[in-house]
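S.K.: Here it is, the structure in full.
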Amino acid sequence: MMNTPPARPLAPSLWRAMAGPEPVPRAPLACDIDTDVAIIGAGYSGLSAAHALHERGVRAVVLDANPVGWGASGRNGGVVSSKFRLSFPAIERMHGLEAARTMHRLAHDGVRMVERFIDEFKLESARFEHTGSLRCAHTERALQGIRAEADWVRTQLGDTSMSVLSRAETQHETGSKAFVGSALSADAGTILPLHYVRGMADGLTQRNVAIHEDTPVLDMHRLDGGAGAILRTPNATVRAKQVIVGTNAYSNLTPATSDYQRELVPFRSAMIATARLSPELDARLMANRRSYTETRRMMKWFRKVDGRMLFGGRDAFGKEGQTTGFDALRRAMAGLFPELADVPVEYQWSGYVGMTFNSLPHVGRSDDVTTFCLGYNGAGIAMASLLGRHAAALALGERPELSLLASAGLNPVPFHSLRAPGVRLVAAWYQFLDAVGA
Ligand SMILES: Cc1cc2nc3c(=O)[nH]c(=O)nc-3n(C[C@H](O)[C@H](O)[C@H](O)COP(=O)(O)OP(=O)(O)OC[C@H]3O[C@@H](n4cnc5c(N)ncnc54)[C@H](O)[C@@H]3O)c2cc1C
C-alpha cells in the first residue's frame with residue numbers, strides 16, 4: 001500500500017498569528033463521489049476555478065492534501081501586483097505590440113478579480129488596500145530602465161498609472177537613502193493573504209461547494225472513451241468528467257501531480273516580520289503603506305503591516321523549513337534601513353514560488369481531461385485569482401483570451417533534474433551582478 005502523506009498544519013507566520021484561532025478543519029473526502037470537475041489544490045488557483053464553475057452551475061469538488069491556504073496562498077507577502085516578471089516593453093520586443101496590449105489587460109484583470117472576490121465574499125478582513133506599488137532603483141542604470149518602461153507604457157498602451165519619482169521623493173516615500181529613484185504603479189496594493197484565501201474558501205462553502213482538506217490525490221487515471229478520470233484519495237475515489245490541477249510549486253506532494261512540478265523551477269522565498277516599530281519610526285518609514293520592491297536581480301521587497309516591517313526575498317540556497325536565508329534578509333533590511341538593525345524579528349517563514357523558463361504563468365490543457373494553471377513567478381495573488389477562472393473556462397471547452405499565457409500542453413523544464421544546482425548557479429551569478437551594480 002502507498003504511504004499517504006499526512007496533512008500538515010500551516011507554517012507559523014505573522015499571517016497565522018493575525019488570523020487568530022485555527023478554523024475547524026474541513027472533513028477529508030470519506031465516500032466515493034461523481035462530479036463534473038475535480039479540482040486539486042485549495043489555494044487561489046483552485047478556489048478561483050471552483051468559484052467560476054459554481055457560477056456556471058457546474059458541479060465541482062476541491063481536494064487538498066493540507067488545510068486551505070497551506071501552500072503559497074497562505075504564506076506569501078500579500079503584494080497584489082498588476083505586472084508579470086517580463087516587462088511589457090520586453091513582451092513587445094519579443095512578441096509584438098498586440099501581445100503586449102493583451103498581456104497588459106490580463107495583468108490588470110488579475111487585480112480586478114481580487115477586488116471582485118473581496119466585494120462578492122465581503123472580505124473586508126483581508127484588508128485589500130489599493131495603495132500602489134513602488135519599484136525602487138538601486139542604480140542610475142536601473143532607474144533609466146524603469147523610467148523608459150513607464151514612458152513606454154504611457155505612450156504605447158495609454159496607461160498613465162505609472163509615474164517616476166525622484167531620489168528625494170523616493171527617500172521621502174520609503175525612509176531609505178539607498179535608492180536613486182523609483183516608479184510608482186498605482187494599480188497595485190496589499191492584502192492579508194491568509195485571510196483572503198480562507199475568505200474565498202468560506203464564501204464557496206456558504207454556496208455549498210465541497211472543499212475537502214487532508215485529502216491528497218494519490219493517483220489519477222483517465223477513463224477510456226473520453227469518460228473522464230478517476231482520482232484516488234486515501235479513503236475514497238472521485239470520478240470526474242474534467243480535472244483542474246492548481247498545485248503550482250507544491251505539485252510534487254504526490255506522484256499524481258508531480259508531472260506539473262517539471263513545468264517549474266521551484267525557488268524558496270523567505271520572509272521576516274519585525275516587532276512593532278516605535279511611533280516615530282512607523283511614521284517615517286513607508287508612511288503611505290504601499291508595497292515596495294527593488295530593481296536588484298535577487299530582488300528584495302518590503303511593506304508594513306500594523307506597524308511591523310515585513311521584508312522578503314528569494315533564497316535560492318535554502319529549503320523550506322530551514323533557517324538559512326533569514327539572517328541574510330535581516331542584513332539586507334538593515335542595509336536599506338539602518339535604524340531597523342536592532343529591532344527584533346518576531347516572525348520568519350518561507351515557501352516555494354514556481355518560476356518558469358519564459359518568466360510567465362502557464363495555463364492550458366495537459367490532455368482532453370486535465371487543465372492546469374501554474375508558474376506565477378512569485379506574483380500569483382492577482383494572477384492565480386484570474387487564471388483559476390480561465391482554467392475553469394478551458395475545462396468547459398471555452399476559449400478565454402490568454403495570449404502568451406496559453407500553454408499547448410506540458411513543457412517540462414529542460415534538464416529538470418539539474419534544476420537545484422542550476423538555480424544556485426544562476427542565483428550566485430545574479431548576486432555577483434547585483435553586488436557590482438551591473
Ligand atoms: C514566501 C512567498 C512570498 C510570496 N509573495 C507574493 C506576493 O507578495 N505577491 C504575490 O502576488 N505572490 C506572492 N507569492 C506567490 C503566490 O503566493 C503564489 O503564486 C500563489 O499563492 C499560488 O497559488 P496556487 O493556488 O496556484 O498554489 P498554492 O497556494 O501553493 O496551493 C497549492 C495547493 O495544492 C495542494 N496540493 C499539491 N499537490 C496536491 C495533491 N497531489 N493532492 C491534493 N492537494 C495537493 C497543496 O497542499 C497546496 O495547498 C509568494 C509566494 C511565497 C512562497
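Chain labels follow the order of the C-alpha cells: the first chain is A, the next B, and so on; residue numbering restarts at 1 in every chain, and ligands are counted from 1 in their shown order.
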Need the shell around Val62 (chain A): protein/DNA/RNA residues with any atom at most 7 Å away, counting only C-alpha atoms. Skip same-chain ones fewer than 2 positions apart. Format as a PyMOL selection string?
M.R.: chain A and resi 38-42+60+64+210-212
S.K.: Using DSSP secondary structure from the backbone, list all strand (DSSP E) positions within region 128-197 of chain A, as number ranges by chain.
M.R.: A: 133-137, 162-165, 181-185, 189-190
S.K.: Residues as selected, C-alpha atoms, written as a PDB file, in the first residue's frame, can you do that?
M.R.:
ATOM      1  CA  SER A 133       3.478  49.674  -5.546  1.00  0.00           C
ATOM      2  CA  LEU A 134       6.849  51.421  -5.655  1.00  0.00           C
ATOM      3  CA  ARG A 135       9.731  49.858  -7.612  1.00  0.00           C
ATOM      4  CA  CYS A 136      12.903  51.343  -6.163  1.00  0.00           C
ATOM      5  CA  ALA A 137      16.019  51.675  -8.343  1.00  0.00           C
ATOM      6  CA  MET A 162       2.847  54.517 -13.692  1.00  0.00           C
ATOM      7  CA  SER A 163       4.876  57.575 -12.671  1.00  0.00           C
ATOM      8  CA  VAL A 164       8.546  58.156 -11.884  1.00  0.00           C
ATOM      9  CA  LEU A 165       9.718  59.559  -8.546  1.00  0.00           C
ATOM     10  CA  GLY A 181      14.613  56.979  -7.707  1.00  0.00           C
ATOM     11  CA  SER A 182      11.577  54.786  -8.247  1.00  0.00           C
ATOM     12  CA  ALA A 183       8.492  54.082 -10.336  1.00  0.00           C
ATOM     13  CA  LEU A 184       5.046  54.075  -8.769  1.00  0.00           C
ATOM     14  CA  SER A 185       2.426  51.696 -10.210  1.00  0.00           C
ATOM     15  CA  GLY A 189      -1.821  47.137  -3.433  1.00  0.00           C
ATOM     16  CA  THR A 190      -1.524  44.977  -0.364  1.00  0.00           C
TER      17      THR A 190
END
S.K.: Quick one: pull the distance between CA of Gly203 (chain A) and CA of Leu123 (chain A), Å, one decimal.
M.R.: 9.1 Å
S.K.: Give the answer as one residue: which of A:Arg85, A:Arg399, A:Arg268, A:Lys122 has the shortest atom-to-atom distance to ligand 1, using only C-alpha atoms and all ligand atoms?
M.R.: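 Smallest distance to ligand 1 is found for A:Arg268.
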S.K.: Looking at only C-alpha atoms and all ligand atoms, which of A:Arg16, A:His390, A:Arg207, A:Arg303 is the one that sits closest to ligand 1?
M.R.: A:Arg303
S.K.: If you count only C-alpha atoms, which residues fall within 8 Å of Ser366 (chain A), apart from same-chain ones fewer than 2 positions away, as a list in words?
M.R.: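 In the requested format, the answer is Gly364, Asp368, Val369, Thr370, Thr371, Phe372, Ala408, Gly409 and Leu410 of chain A.
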S.K.: For those residues, write all heavy atoms to a file as an mmCIF file, in the first residue's frame.
M.R.:
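Contents of again-v7.cif, as written:
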data_model
loop_
_atom_site.group_PDB
_atom_site.id
_atom_site.type_symbol
_atom_site.label_atom_id
_atom_site.label_comp_id
_atom_site.auth_asym_id
_atom_site.auth_seq_id
_atom_site.Cartn_x
_atom_site.Cartn_y
_atom_site.Cartn_z
ATOM 1 N N GLY A 364 -3.264 25.864 -19.411
ATOM 2 C CA GLY A 364 -3.570 25.079 -20.613
ATOM 3 C C GLY A 364 -4.100 23.709 -20.235
ATOM 4 O O GLY A 364 -4.385 23.418 -19.075
ATOM 5 N N ASP A 368 -7.113 15.749 -22.836
ATOM 6 C CA ASP A 368 -8.506 16.191 -23.039
ATOM 7 C C ASP A 368 -9.332 16.188 -21.755
ATOM 8 O O ASP A 368 -10.476 16.637 -21.738
ATOM 9 C CB ASP A 368 -9.192 15.348 -24.132
ATOM 10 C CG ASP A 368 -9.142 13.861 -23.792
ATOM 11 O OD1 ASP A 368 -8.434 13.496 -22.832
ATOM 12 O OD2 ASP A 368 -9.808 13.064 -24.484
ATOM 13 N N VAL A 369 -8.742 15.715 -20.658
ATOM 14 C CA VAL A 369 -9.474 15.668 -19.388
ATOM 15 C C VAL A 369 -8.911 16.670 -18.375
ATOM 16 O O VAL A 369 -9.607 17.101 -17.468
ATOM 17 C CB VAL A 369 -9.379 14.229 -18.798
ATOM 18 C CG1 VAL A 369 -9.971 14.155 -17.406
ATOM 19 C CG2 VAL A 369 -10.070 13.229 -19.707
ATOM 20 N N THR A 370 -7.643 17.042 -18.529
ATOM 21 C CA THR A 370 -6.953 17.761 -17.449
ATOM 22 C C THR A 370 -6.495 19.162 -17.875
ATOM 23 O O THR A 370 -5.853 19.316 -18.914
ATOM 24 C CB THR A 370 -5.711 16.963 -16.998
ATOM 25 O OG1 THR A 370 -6.008 15.578 -17.090
ATOM 26 C CG2 THR A 370 -5.321 17.307 -15.585
ATOM 27 N N THR A 371 -6.822 20.145 -17.036
ATOM 28 C CA THR A 371 -6.416 21.537 -17.263
ATOM 29 C C THR A 371 -5.519 21.954 -16.097
ATOM 30 O O THR A 371 -5.742 21.515 -14.966
ATOM 31 C CB THR A 371 -7.666 22.448 -17.305
ATOM 32 O OG1 THR A 371 -8.579 21.916 -18.260
ATOM 33 C CG2 THR A 371 -7.320 23.871 -17.682
ATOM 34 N N PHE A 372 -4.534 22.799 -16.372
ATOM 35 C CA PHE A 372 -3.642 23.237 -15.289
ATOM 36 C C PHE A 372 -3.421 24.751 -15.378
ATOM 37 O O PHE A 372 -3.546 25.348 -16.445
ATOM 38 C CB PHE A 372 -2.298 22.500 -15.367
ATOM 39 C CG PHE A 372 -1.537 22.779 -16.638
ATOM 40 C CD1 PHE A 372 -0.608 23.810 -16.699
ATOM 41 C CD2 PHE A 372 -1.765 22.031 -17.787
ATOM 42 C CE1 PHE A 372 0.079 24.086 -17.879
ATOM 43 C CE2 PHE A 372 -1.090 22.297 -18.970
ATOM 44 C CZ PHE A 372 -0.167 23.324 -19.011
ATOM 45 N N ALA A 408 0.202 25.006 -24.806
ATOM 46 C CA ALA A 408 -0.352 23.868 -25.560
ATOM 47 C C ALA A 408 0.224 22.595 -24.965
ATOM 48 O O ALA A 408 1.123 21.987 -25.518
ATOM 49 C CB ALA A 408 0.019 23.999 -27.027
ATOM 50 N N GLY A 409 -0.237 22.223 -23.787
ATOM 51 C CA GLY A 409 0.271 21.012 -23.127
ATOM 52 C C GLY A 409 1.409 21.321 -22.184
ATOM 53 O O GLY A 409 1.800 22.481 -22.019
ATOM 54 N N LEU A 410 1.901 20.271 -21.559
ATOM 55 C CA LEU A 410 3.003 20.458 -20.603
ATOM 56 C C LEU A 410 4.329 20.552 -21.349
ATOM 57 O O LEU A 410 4.563 19.822 -22.298
ATOM 58 C CB LEU A 410 3.050 19.277 -19.634
ATOM 59 C CG LEU A 410 2.013 19.283 -18.506
ATOM 60 C CD1 LEU A 410 2.106 18.004 -17.693
ATOM 61 C CD2 LEU A 410 2.189 20.499 -17.609
#
S.K.: Tell me, as a PDB file with N, CA, C and O atoms, in the first residue's frame, which residues lie within 10 Å of Gln348 (chain A), counting only C-alpha atoms; anything in the same chain fewer than 4 positions away does not count.
M.R.:
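Okay, this is what ended up in result_6.pdb:
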ATOM      1  N   ALA A  11       2.331  26.640   8.264  1.00  0.00           N
ATOM      2  CA  ALA A  11       3.595  27.082   8.872  1.00  0.00           C
ATOM      3  C   ALA A  11       3.316  28.300   9.756  1.00  0.00           C
ATOM      4  O   ALA A  11       2.475  29.131   9.416  1.00  0.00           O
ATOM      5  N   PRO A  12       4.025  28.408  10.909  1.00  0.00           N
ATOM      6  CA  PRO A  12       3.828  29.611  11.741  1.00  0.00           C
ATOM      7  C   PRO A  12       4.241  30.854  10.947  1.00  0.00           C
ATOM      8  O   PRO A  12       5.232  30.815  10.228  1.00  0.00           O
ATOM      9  N   SER A  13       3.474  31.900  11.030  1.00  0.00           N
ATOM     10  CA  SER A  13       3.796  33.132  10.293  1.00  0.00           C
ATOM     11  C   SER A  13       3.041  34.276  10.940  1.00  0.00           C
ATOM     12  O   SER A  13       2.147  34.048  11.762  1.00  0.00           O
ATOM     13  N   LEU A  14       3.366  35.489  10.548  1.00  0.00           N
ATOM     14  CA  LEU A  14       2.610  36.642  11.031  1.00  0.00           C
ATOM     15  C   LEU A  14       1.135  36.489  10.627  1.00  0.00           C
ATOM     16  O   LEU A  14       0.226  36.786  11.405  1.00  0.00           O
ATOM     17  N   ALA A 270      11.641  33.650   1.179  1.00  0.00           N
ATOM     18  CA  ALA A 270      11.641  33.737   2.647  1.00  0.00           C
ATOM     19  C   ALA A 270      11.197  35.133   3.087  1.00  0.00           C
ATOM     20  O   ALA A 270      11.349  36.109   2.346  1.00  0.00           O
ATOM     21  N   MET A 271      10.641  35.188   4.304  1.00  0.00           N
ATOM     22  CA  MET A 271      10.152  36.468   4.810  1.00  0.00           C
ATOM     23  C   MET A 271      10.436  36.614   6.293  1.00  0.00           C
ATOM     24  O   MET A 271      10.414  35.627   7.024  1.00  0.00           O
ATOM     25  N   ILE A 272      10.669  37.865   6.709  1.00  0.00           N
ATOM     26  CA  ILE A 272      10.752  38.144   8.145  1.00  0.00           C
ATOM     27  C   ILE A 272       9.795  39.299   8.479  1.00  0.00           C
ATOM     28  O   ILE A 272       9.499  40.127   7.615  1.00  0.00           O
ATOM     29  N   ALA A 273       9.309  39.312   9.728  1.00  0.00           N
ATOM     30  CA  ALA A 273       8.463  40.428  10.189  1.00  0.00           C
ATOM     31  C   ALA A 273       9.014  40.884  11.524  1.00  0.00           C
ATOM     32  O   ALA A 273       9.249  40.068  12.421  1.00  0.00           O
ATOM     33  N   THR A 274       9.231  42.184  11.649  1.00  0.00           N
ATOM     34  CA  THR A 274       9.822  42.718  12.888  1.00  0.00           C
ATOM     35  C   THR A 274       8.753  42.897  13.962  1.00  0.00           C
ATOM     36  O   THR A 274       7.552  42.798  13.692  1.00  0.00           O
ATOM     37  N   LEU A 310       7.755  44.171   7.149  1.00  0.00           N
ATOM     38  CA  LEU A 310       7.865  42.837   6.546  1.00  0.00           C
ATOM     39  C   LEU A 310       8.896  42.929   5.452  1.00  0.00           C
ATOM     40  O   LEU A 310       8.799  43.829   4.606  1.00  0.00           O
ATOM     41  N   PHE A 311       9.827  42.014   5.446  1.00  0.00           N
ATOM     42  CA  PHE A 311      10.919  42.088   4.477  1.00  0.00           C
ATOM     43  C   PHE A 311      11.107  40.703   3.884  1.00  0.00           C
ATOM     44  O   PHE A 311      11.207  39.709   4.603  1.00  0.00           O
ATOM     45  N   GLY A 312      11.102  40.612   2.571  1.00  0.00           N
ATOM     46  CA  GLY A 312      11.189  39.285   1.952  1.00  0.00           C
ATOM     47  C   GLY A 312      12.136  39.257   0.771  1.00  0.00           C
ATOM     48  O   GLY A 312      12.527  40.299   0.242  1.00  0.00           O
ATOM     49  N   THR A 323      16.502  27.437   8.448  1.00  0.00           N
ATOM     50  CA  THR A 323      16.596  28.821   8.922  1.00  0.00           C
ATOM     51  C   THR A 323      17.571  29.657   8.086  1.00  0.00           C
ATOM     52  O   THR A 323      17.688  30.857   8.298  1.00  0.00           O
ATOM     53  N   GLY A 325      18.959  31.929   5.202  1.00  0.00           N
ATOM     54  CA  GLY A 325      18.242  32.942   4.430  1.00  0.00           C
ATOM     55  C   GLY A 325      17.662  34.029   5.312  1.00  0.00           C
ATOM     56  O   GLY A 325      17.634  35.190   4.915  1.00  0.00           O
ATOM     57  N   PHE A 326      17.245  33.698   6.527  1.00  0.00           N
ATOM     58  CA  PHE A 326      16.627  34.726   7.372  1.00  0.00           C
ATOM     59  C   PHE A 326      17.661  35.757   7.837  1.00  0.00           C
ATOM     60  O   PHE A 326      17.380  36.952   7.876  1.00  0.00           O
ATOM     61  N   LEU A 329      18.346  38.075   5.083  1.00  0.00           N
ATOM     62  CA  LEU A 329      17.261  39.055   4.919  1.00  0.00           C
ATOM     63  C   LEU A 329      17.408  40.180   5.930  1.00  0.00           C
ATOM     64  O   LEU A 329      17.224  41.353   5.619  1.00  0.00           O
TER      65      LEU A 329
END
S.K.: Check the smallest atom-to-atom distance from each of A:Arg262, A:Ala100, A:Phe88, A:Ile118 to Asp151 (chain A) using only C-alpha atoms, then report the winner.
M.R.: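 Ranked by minimum distance to Asp151 (chain A), first place goes to A:Phe88.
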S.K.: Can you tell me how far CA of Glu280 (chain A) sits from CA of Phe179 (chain A), in Å to one decimal?
M.R.: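 Between CA of Glu280 (chain A) and CA of Phe179 (chain A) the gap is 21.5 Å.
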S.K.: Have a look at A:Thr160, A:Ser45, A:Ser278, A:Thr237 and name the one nearest to ligand 1; count only C-alpha atoms and all ligand atoms.
M.R.: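 Among the listed residues, A:Ser45 lies closest to ligand 1.
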S.K.: Where in region 370-409 of chain A does DSSP assign helix (DSSP H, G or I), given as a ChimeraX atom specification?
M.R.: /A:380-395,403-405
S.K.: Contacts of Thr257 (chain A) at 9 Å or less, counting only C-alpha atoms, minus same-chain residues fewer than 2 places along, as number ranges by chain?
M.R.: A: 40, 217-220, 245, 247, 250-255, 259-261
S.K.: Just the selected residues (N, CA and C atoms), exported as a JSON list (two decimals), in the first residue's frame, please.
M.R.:
[["chain", "number", "residue", "atom", "x", "y", "z"],
["A", 40, "ILE", "N", -7.79, 20.02, -7.92],
["A", 40, "ILE", "CA", -6.74, 19.64, -6.96],
["A", 40, "ILE", "C", -6.01, 20.91, -6.53],
["A", 217, "VAL", "N", -4.55, 13.77, -3.47],
["A", 217, "VAL", "CA", -4.86, 12.91, -4.62],
["A", 217, "VAL", "C", -3.63, 12.04, -4.85],
["A", 218, "LEU", "N", -3.81, 10.75, -4.68],
["A", 218, "LEU", "CA", -2.65, 9.85, -4.72],
["A", 218, "LEU", "C", -2.34, 9.39, -6.14],
["A", 219, "ASP", "N", -3.39, 9.12, -6.93],
["A", 219, "ASP", "CA", -3.16, 8.90, -8.36],
["A", 219, "ASP", "C", -4.41, 9.23, -9.16],
["A", 220, "MET", "N", -4.18, 9.45, -10.45],
["A", 220, "MET", "CA", -5.26, 9.83, -11.37],
["A", 220, "MET", "C", -5.20, 8.91, -12.57],
["A", 245, "VAL", "N", -5.85, 21.11, -12.24],
["A", 245, "VAL", "CA", -4.70, 20.98, -11.33],
["A", 245, "VAL", "C", -4.24, 22.39, -10.95],
["A", 247, "THR", "N", -1.91, 23.11, -8.27],
["A", 247, "THR", "CA", -0.99, 22.72, -7.20],
["A", 247, "THR", "C", 0.35, 23.46, -7.27],
["A", 250, "TYR", "N", 3.87, 23.25, -5.30],
["A", 250, "TYR", "CA", 3.75, 22.11, -4.38],
["A", 250, "TYR", "C", 3.25, 20.86, -5.11],
["A", 251, "SER", "N", 3.42, 20.85, -6.43],
["A", 251, "SER", "CA", 2.87, 19.74, -7.22],
["A", 251, "SER", "C", 3.54, 18.41, -6.92],
["A", 252, "ASN", "N", 4.70, 18.44, -6.29],
["A", 252, "ASN", "CA", 5.39, 17.16, -6.05],
["A", 252, "ASN", "C", 4.98, 16.49, -4.73],
["A", 253, "LEU", "N", 3.88, 16.94, -4.13],
["A", 253, "LEU", "CA", 3.46, 16.29, -2.87],
["A", 253, "LEU", "C", 3.13, 14.82, -3.09],
["A", 254, "THR", "N", 2.54, 14.49, -4.24],
["A", 254, "THR", "CA", 2.27, 13.08, -4.55],
["A", 254, "THR", "C", 2.60, 12.84, -6.03],
["A", 255, "PRO", "N", 2.80, 11.58, -6.42],
["A", 255, "PRO", "CA", 3.09, 11.30, -7.83],
["A", 255, "PRO", "C", 1.96, 11.71, -8.77],
["A", 259, "ASP", "N", 4.07, 15.49, -12.42],
["A", 259, "ASP", "CA", 4.42, 15.94, -13.78],
["A", 259, "ASP", "C", 4.35, 17.46, -13.89],
["A", 260, "TYR", "N", 3.46, 18.07, -13.10],
["A", 260, "TYR", "CA", 3.28, 19.52, -13.19],
["A", 260, "TYR", "C", 4.46, 20.25, -12.54],
["A", 261, "GLN", "N", 5.13, 19.56, -11.61],
["A", 261, "GLN", "CA", 6.31, 20.17, -10.98],
["A", 261, "GLN", "C", 7.43, 20.34, -12.01]]
S.K.: Take CA of Ser176 (chain A) and CA of Pro344 (chain A) and report the distance between them in Å, one decimal.
M.R.: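 Interatomic distance here is 18.8 Å.
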S.K.: Excluding same-chain residues fewer than 5 positions from Phe84 (chain A), what lies within 9 Å of it counting only C-alpha atoms, as a list in words?
M.R.: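 Counting only C-alpha atoms, the residues come to Met103, His104, Ala107, Ser359, Leu360, Pro361, Tyr376, Asn377, Ala379 and Met383 of chain A.
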S.K.: Pull C-alpha atoms from the residues just selected and write them as a compact mmCIF listing (two decimals), in the first residue's frame.
M.R.:
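Generated file (again_39.txt):
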# COMPACT_ATOMS: atom_id res chain seq x y z
CA MET A 103 -0.93 40.90 -21.56
CA HIS A 104 -1.28 44.35 -20.01
CA ALA A 107 -2.36 41.75 -15.69
CA SER A 359 9.07 34.08 -16.85
CA LEU A 360 5.29 33.92 -17.47
CA PRO A 361 2.49 31.87 -15.88
CA TYR A 376 3.18 32.65 -11.28
CA ASN A 377 6.85 33.54 -10.82
CA ALA A 379 3.38 37.15 -8.28
CA MET A 383 -2.80 36.15 -11.43
S.K.: Just checking: using only C-alpha atoms, which residue out of A:Arg314, A:Arg389, A:His172, A:Arg116 ends up closest to Pro266 (chain A)?
M.R.: A:Arg314
S.K.: Excluding Arg222 (chain A) and residues on its chain fewer than 3 positions from it, collect all residues at most 12 Å away from it, counting only C-alpha atoms, and give them as a list in words.
M.R.: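 Answer for this query is Asp219, Gly225, Gly226, Ala227, Gly228, Ala229, Ile230, Leu231, Arg232, Val238, Arg239, Ala240, Lys241, Gln242, Val243, Ala256, Ser366, Asp367, Asp368, Val369 and Thr370 of chain A.
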S.K.: Taking only C-alpha atoms into account, name the residue in A:Asp109, A:Arg93, A:Ala287, A:Gly77 that is nearest to Trp301 (chain A).
M.R.: A:Gly77
